[in-house]
Amino acid sequence: MRYVDVGGVRLSAVGVGCWQFGTKDWGYGDTYAKETAAAIVHRALALGINLFDTAEAYGFGVSERILGRALEGHRDEAFIASKIMPVVPLSAVVQQRAIASADRLGVRTIDLYQLHWPNPLVPLSKTMPGMARLQRTGLIRHVGVSNYSLLRWRAAEEALGGPVLSNQVKYNLVQRQPEAELVPWAQANDRLIIAYSPLAQGLLSTRYDADHRPGGVRQNNSLFLPDNLALAGDVFRALRAIADAHGARPSQVALAWLIRRPNVVVIPGASSVEQLEANAEAADLELTEDEDARLTAASDAFAPTTGLAAAPKLVRSRLGR
């Protein structure tokens, strides 16, 4: 397992995203929540993975409870990250919600406590004093943010009066917006980028095409529109060719490409222990400079329809038209 040393902490380059643990959005069923999720956590620890990311919003706290139970007896082996949904994130509210998350997790200290999204109506000067107090009392070790621009990330640090260790953002081979400002700033300032959706919700597994599209929550992801899947052909071919050269899977190549970037860790989810093991193996997959360049070039050429422009197509797709 490869590790990343940032801000005084040592984290596995591949972590475990626990969104699936507490929600029905993915359609994994009760057996997953009751048995598979815990098995994933235990196997991850055995493989040297120490980063586990959850949030109070995942299943309305169910994910935190599942993770906490799975880590019983293994607390010292794990770096636990959770997130507060910033609804009225005033200092007193932040403190109350952190206590509730720690209780669900069954821990005295949360290693990384993150603001899940910006709240444009509540200034950071009203939020960060609560985070600072949580640090002083030892309930949290590090403060993080998620889905923040660089300007707002730096403003969060100023309001906290200390380092905001990390910014958790959507980042993968075909969604590379963080490279413009966030990744360079993190690299220059001993900060961390936590890449969520590092496989673009499974797009980079190369399993899907216009005739074989995923269901569930991914039906709302414009990347899985038939036109976009067709446009991704060059990316898929590059991933498959490089995977074949290494005896690996395309998804492992996509993860390996991402964690080649300094100060970047990934938190893919896993539907099974087998998928968790495959994700972990990506940390030891060494791509060449030429392979990296080929993937980057294929990504540069990929121009999917997203955002508001994709909305009509998503509606028609859901209606079967």
# chains A, B, ... in the order shown; residues from 1 in each chain; ligands from 1
>>> residues_around(residues="segment 283-290 of chain A", least_positions_apart="6", cutoff="7 Å", atoms="only C-alpha atoms", output="list in words")
Met1, Arg2, Ala13, Val14 and Ala256 of chain A
>>> write_last_selection(atoms="N, CA and C atoms", output="CSV table (one decimal), in the first residue's frame")
chain,number,residue,atom,x,y,z
A,1,MET,N,0.8,-1.2,0.0
A,1,MET,CA,0.0,0.0,0.0
A,1,MET,C,0.9,1.2,0.0
A,2,ARG,N,0.6,2.2,-0.9
A,2,ARG,CA,1.2,3.5,-0.9
A,2,ARG,C,0.6,4.4,0.1
A,13,ALA,N,-3.0,5.9,0.2
A,13,ALA,CA,-3.4,6.6,-1.0
A,13,ALA,C,-4.8,6.2,-1.5
A,14,VAL,N,-5.2,5.0,-1.2
A,14,VAL,CA,-6.5,4.5,-1.5
A,14,VAL,C,-7.2,4.3,-0.2
A,256,ALA,N,-4.8,4.5,-10.4
A,256,ALA,CA,-3.4,4.6,-10.4
A,256,ALA,C,-3.0,6.0,-11.0
>>> residues_around(residues="segment 40-54 of chain A", least_positions_apart="3", cutoff="6 Å", atoms="only C-alpha atoms", output="JSON list (two decimals) with N, CA and C atoms, in the first residue's frame")
[["chain", "number", "residue", "atom", "x", "y", "z"],
["A", 12, "SER", "N", -3.34, 6.23, 3.71],
["A", 12, "SER", "CA", -3.26, 5.33, 2.56],
["A", 12, "SER", "C", -3.72, 6.09, 1.32],
["A", 15, "GLY", "N", -8.34, 5.01, -0.01],
["A", 15, "GLY", "CA", -9.17, 4.85, 1.17],
["A", 15, "GLY", "C", -10.47, 4.15, 0.82],
["A", 16, "VAL", "N", -11.42, 4.24, 1.73],
["A", 16, "VAL", "CA", -12.74, 3.64, 1.52],
["A", 16, "VAL", "C", -13.80, 4.73, 1.68],
["A", 17, "GLY", "N", -14.57, 4.95, 0.64],
["A", 17, "GLY", "CA", -15.71, 5.84, 0.72],
["A", 17, "GLY", "C", -16.92, 5.06, 1.23],
["A", 18, "CYS", "N", -17.57, 5.59, 2.26],
["A", 18, "CYS", "CA", -18.63, 4.83, 2.94],
["A", 18, "CYS", "C", -20.03, 5.33, 2.65],
["A", 37, "ALA", "N", -20.60, -4.57, 4.40],
["A", 37, "ALA", "CA", -19.90, -3.33, 4.74],
["A", 37, "ALA", "C", -18.84, -3.58, 5.80],
["A", 78, "ALA", "N", -7.27, 3.20, 12.26],
["A", 78, "ALA", "CA", -8.08, 3.93, 11.28],
["A", 78, "ALA", "C", -7.97, 5.44, 11.44],
["A", 79, "PHE", "N", -8.00, 6.12, 10.30],
["A", 79, "PHE", "CA", -8.14, 7.58, 10.25],
["A", 79, "PHE", "C", -9.57, 7.82, 9.79],
["A", 80, "ILE", "N", -10.40, 8.29, 10.71],
["A", 80, "ILE", "CA", -11.84, 8.43, 10.44],
["A", 80, "ILE", "C", -12.14, 9.86, 10.03],
["A", 81, "ALA", "N", -12.76, 10.00, 8.87],
["A", 81, "ALA", "CA", -13.19, 11.30, 8.38],
["A", 81, "ALA", "C", -14.71, 11.30, 8.27],
["A", 82, "SER", "N", -15.33, 12.33, 8.83],
["A", 82, "SER", "CA", -16.77, 12.48, 8.66],
["A", 82, "SER", "C", -17.06, 13.91, 8.24],
["A", 273, "VAL", "N", -16.13, -7.19, -1.12],
["A", 273, "VAL", "CA", -14.75, -7.32, -0.66],
["A", 273, "VAL", "C", -13.82, -7.45, -1.86]]
>>> residues_around(residues="segment 235-250 of chain A", least_positions_apart="6", cutoff="8 Å", atoms="only C-alpha atoms", output="JSON, numbers by chain")
{"A": [204, 205, 206, 291, 294, 295, 298, 299, 302]}
>>> residues_around(residues="Arg104 of chain A", least_positions_apart="3", cutoff="10 Å", atoms="only C-alpha atoms", output="JSON list (two decimals) with C-alpha atoms, in the first residue's frame")
[["chain", "number", "residue", "atom", "x", "y", "z"],
["A", 56, "GLU", "CA", -23.86, 12.37, 8.81],
["A", 61, "GLY", "CA", -26.25, 8.69, 10.21],
["A", 62, "VAL", "CA", -26.55, 5.00, 9.38],
["A", 63, "SER", "CA", -23.19, 4.97, 7.56],
["A", 64, "GLU", "CA", -21.44, 6.38, 10.62],
["A", 65, "ARG", "CA", -23.02, 3.70, 12.82],
["A", 66, "ILE", "CA", -22.03, 0.89, 10.46],
["A", 67, "LEU", "CA", -18.47, 2.16, 10.21],
["A", 68, "GLY", "CA", -18.20, 2.64, 13.96],
["A", 69, "ARG", "CA", -19.35, -0.91, 14.69],
["A", 98, "ALA", "CA", -19.85, 16.75, 15.88],
["A", 99, "ILE", "CA", -20.76, 15.26, 19.23],
["A", 100, "ALA", "CA", -23.62, 13.38, 17.57],
["A", 101, "SER", "CA", -21.33, 12.05, 14.82],
["A", 107, "VAL", "CA", -15.24, 7.30, 19.13]]
>>> closest_residue(among="A:Ala282, A:Ala38, A:Val9, A:Leu121", to="Arg141 of chain A", atoms="only C-alpha atoms")
A:Val9
>>> residues_around(residues="Pro268 of chain A", least_positions_apart="4", cutoff="10 Å", atoms="only C-alpha atoms", output="PyMOL selection string")
chain A and resi 14-19+53+195-202+255+275-276+279-280
>>> residues_around(residues="Val122 of chain A", least_positions_apart="3", cutoff="12 Å", atoms="only C-alpha atoms", output="ChimeraX atom specification")
/A:86-91,117-119,125-128
>>> select_by_dssp(residues="segment 50-204 of chain A", states="alpha helix (DSSP H)", output="ChimeraX atom specification")
/A:62-70,91-105,124-137,150-160,182-188
>>> write_last_selection(atoms="C-alpha atoms", output="PDB file, in the first residue's frame")
ATOM      1  CA  VAL A  62     -26.547   4.999   9.377  1.00  0.00           C
ATOM      2  CA  SER A  63     -23.187   4.975   7.555  1.00  0.00           C
ATOM      3  CA  GLU A  64     -21.443   6.381  10.623  1.00  0.00           C
ATOM      4  CA  ARG A  65     -23.023   3.702  12.824  1.00  0.00           C
ATOM      5  CA  ILE A  66     -22.032   0.892  10.460  1.00  0.00           C
ATOM      6  CA  LEU A  67     -18.467   2.161  10.213  1.00  0.00           C
ATOM      7  CA  GLY A  68     -18.204   2.641  13.961  1.00  0.00           C
ATOM      8  CA  ARG A  69     -19.349  -0.910  14.692  1.00  0.00           C
ATOM      9  CA  ALA A  70     -16.969  -2.327  12.087  1.00  0.00           C
ATOM     10  CA  SER A  91     -20.632  27.459  15.937  1.00  0.00           C
ATOM     11  CA  ALA A  92     -22.928  25.942  18.558  1.00  0.00           C
ATOM     12  CA  VAL A  93     -24.669  23.787  15.941  1.00  0.00           C
ATOM     13  CA  VAL A  94     -21.335  22.561  14.555  1.00  0.00           C
ATOM     14  CA  GLN A  95     -20.288  21.461  18.020  1.00  0.00           C
ATOM     15  CA  GLN A  96     -23.571  19.661  18.705  1.00  0.00           C
ATOM     16  CA  ARG A  97     -23.473  17.826  15.400  1.00  0.00           C
ATOM     17  CA  ALA A  98     -19.847  16.755  15.876  1.00  0.00           C
ATOM     18  CA  ILE A  99     -20.760  15.258  19.234  1.00  0.00           C
ATOM     19  CA  ALA A 100     -23.622  13.376  17.573  1.00  0.00           C
ATOM     20  CA  SER A 101     -21.328  12.051  14.821  1.00  0.00           C
ATOM     21  CA  ALA A 102     -18.712  10.926  17.333  1.00  0.00           C
ATOM     22  CA  ASP A 103     -21.430   9.148  19.305  1.00  0.00           C
ATOM     23  CA  ARG A 104     -22.681   7.316  16.197  1.00  0.00           C
ATOM     24  CA  LEU A 105     -19.111   6.378  15.307  1.00  0.00           C
ATOM     25  CA  LEU A 124     -17.347  31.240   7.748  1.00  0.00           C
ATOM     26  CA  SER A 125     -16.688  33.588  10.652  1.00  0.00           C
ATOM     27  CA  LYS A 126     -19.817  32.094  12.263  1.00  0.00           C
ATOM     28  CA  THR A 127     -18.848  28.501  11.536  1.00  0.00           C
ATOM     29  CA  MET A 128     -15.125  28.104  12.060  1.00  0.00           C
ATOM     30  CA  PRO A 129     -14.990  29.185  15.726  1.00  0.00           C
ATOM     31  CA  GLY A 130     -17.037  26.063  16.440  1.00  0.00           C
ATOM     32  CA  MET A 131     -14.501  23.948  14.561  1.00  0.00           C
ATOM     33  CA  ALA A 132     -11.662  25.602  16.478  1.00  0.00           C
ATOM     34  CA  ARG A 133     -13.332  24.827  19.791  1.00  0.00           C
ATOM     35  CA  LEU A 134     -13.815  21.211  18.771  1.00  0.00           C
ATOM     36  CA  GLN A 135     -10.077  21.021  18.063  1.00  0.00           C
ATOM     37  CA  ARG A 136      -9.168  22.606  21.401  1.00  0.00           C
ATOM     38  CA  THR A 137     -11.358  20.158  23.320  1.00  0.00           C
ATOM     39  CA  LEU A 150      -9.735  27.706  -3.610  1.00  0.00           C
ATOM     40  CA  LEU A 151     -10.915  31.172  -2.583  1.00  0.00           C
ATOM     41  CA  ARG A 152     -13.341  29.713  -0.058  1.00  0.00           C
ATOM     42  CA  TRP A 153     -10.834  27.110   1.172  1.00  0.00           C
ATOM     43  CA  ARG A 154      -8.351  29.869   1.982  1.00  0.00           C
ATOM     44  CA  ALA A 155     -11.106  31.915   3.600  1.00  0.00           C
ATOM     45  CA  ALA A 156     -11.921  28.913   5.791  1.00  0.00           C
ATOM     46  CA  GLU A 157      -8.319  28.791   6.966  1.00  0.00           C
ATOM     47  CA  GLU A 158      -8.371  32.479   7.785  1.00  0.00           C
ATOM     48  CA  ALA A 159     -11.607  32.105   9.749  1.00  0.00           C
ATOM     49  CA  LEU A 160     -10.285  29.034  11.585  1.00  0.00           C
ATOM     50  CA  LEU A 182      -6.947  23.223  -5.942  1.00  0.00           C
ATOM     51  CA  VAL A 183      -4.346  20.545  -6.624  1.00  0.00           C
ATOM     52  CA  PRO A 184      -1.442  22.977  -7.207  1.00  0.00           C
ATOM     53  CA  TRP A 185      -2.315  24.911  -4.049  1.00  0.00           C
ATOM     54  CA  ALA A 186      -2.503  21.743  -1.976  1.00  0.00           C
ATOM     55  CA  GLN A 187       0.865  20.605  -3.293  1.00  0.00           C
ATOM     56  CA  ALA A 188       2.476  23.963  -2.530  1.00  0.00           C
TER      57      ALA A 188
END
>>> atom_distance(atom1="atom CA of Tyr113 of chain A", atom2="atom CA of Gln20 of chain A")
19.1 Å
>>> closest_residue(among="A:Ala293, A:Leu225, A:Ala254, A:Val169", to="Thr306 of chain A", atoms="only C-alpha atoms")
A:Leu225
>>> closest_residue(among="A:Leu115, A:Ala310, A:Ala278, A:Ala230", to="Tyr148 of chain A", atoms="only C-alpha atoms")
A:Leu115
>>> select_by_dssp(residues="segment 192-321 of chain A", states="strand (DSSP E or B)", output="list in words")
Leu192, Ile193, Ile194, Ala195, Tyr196, Asp209, His212, Val264, Val265 and Val266 of chain A
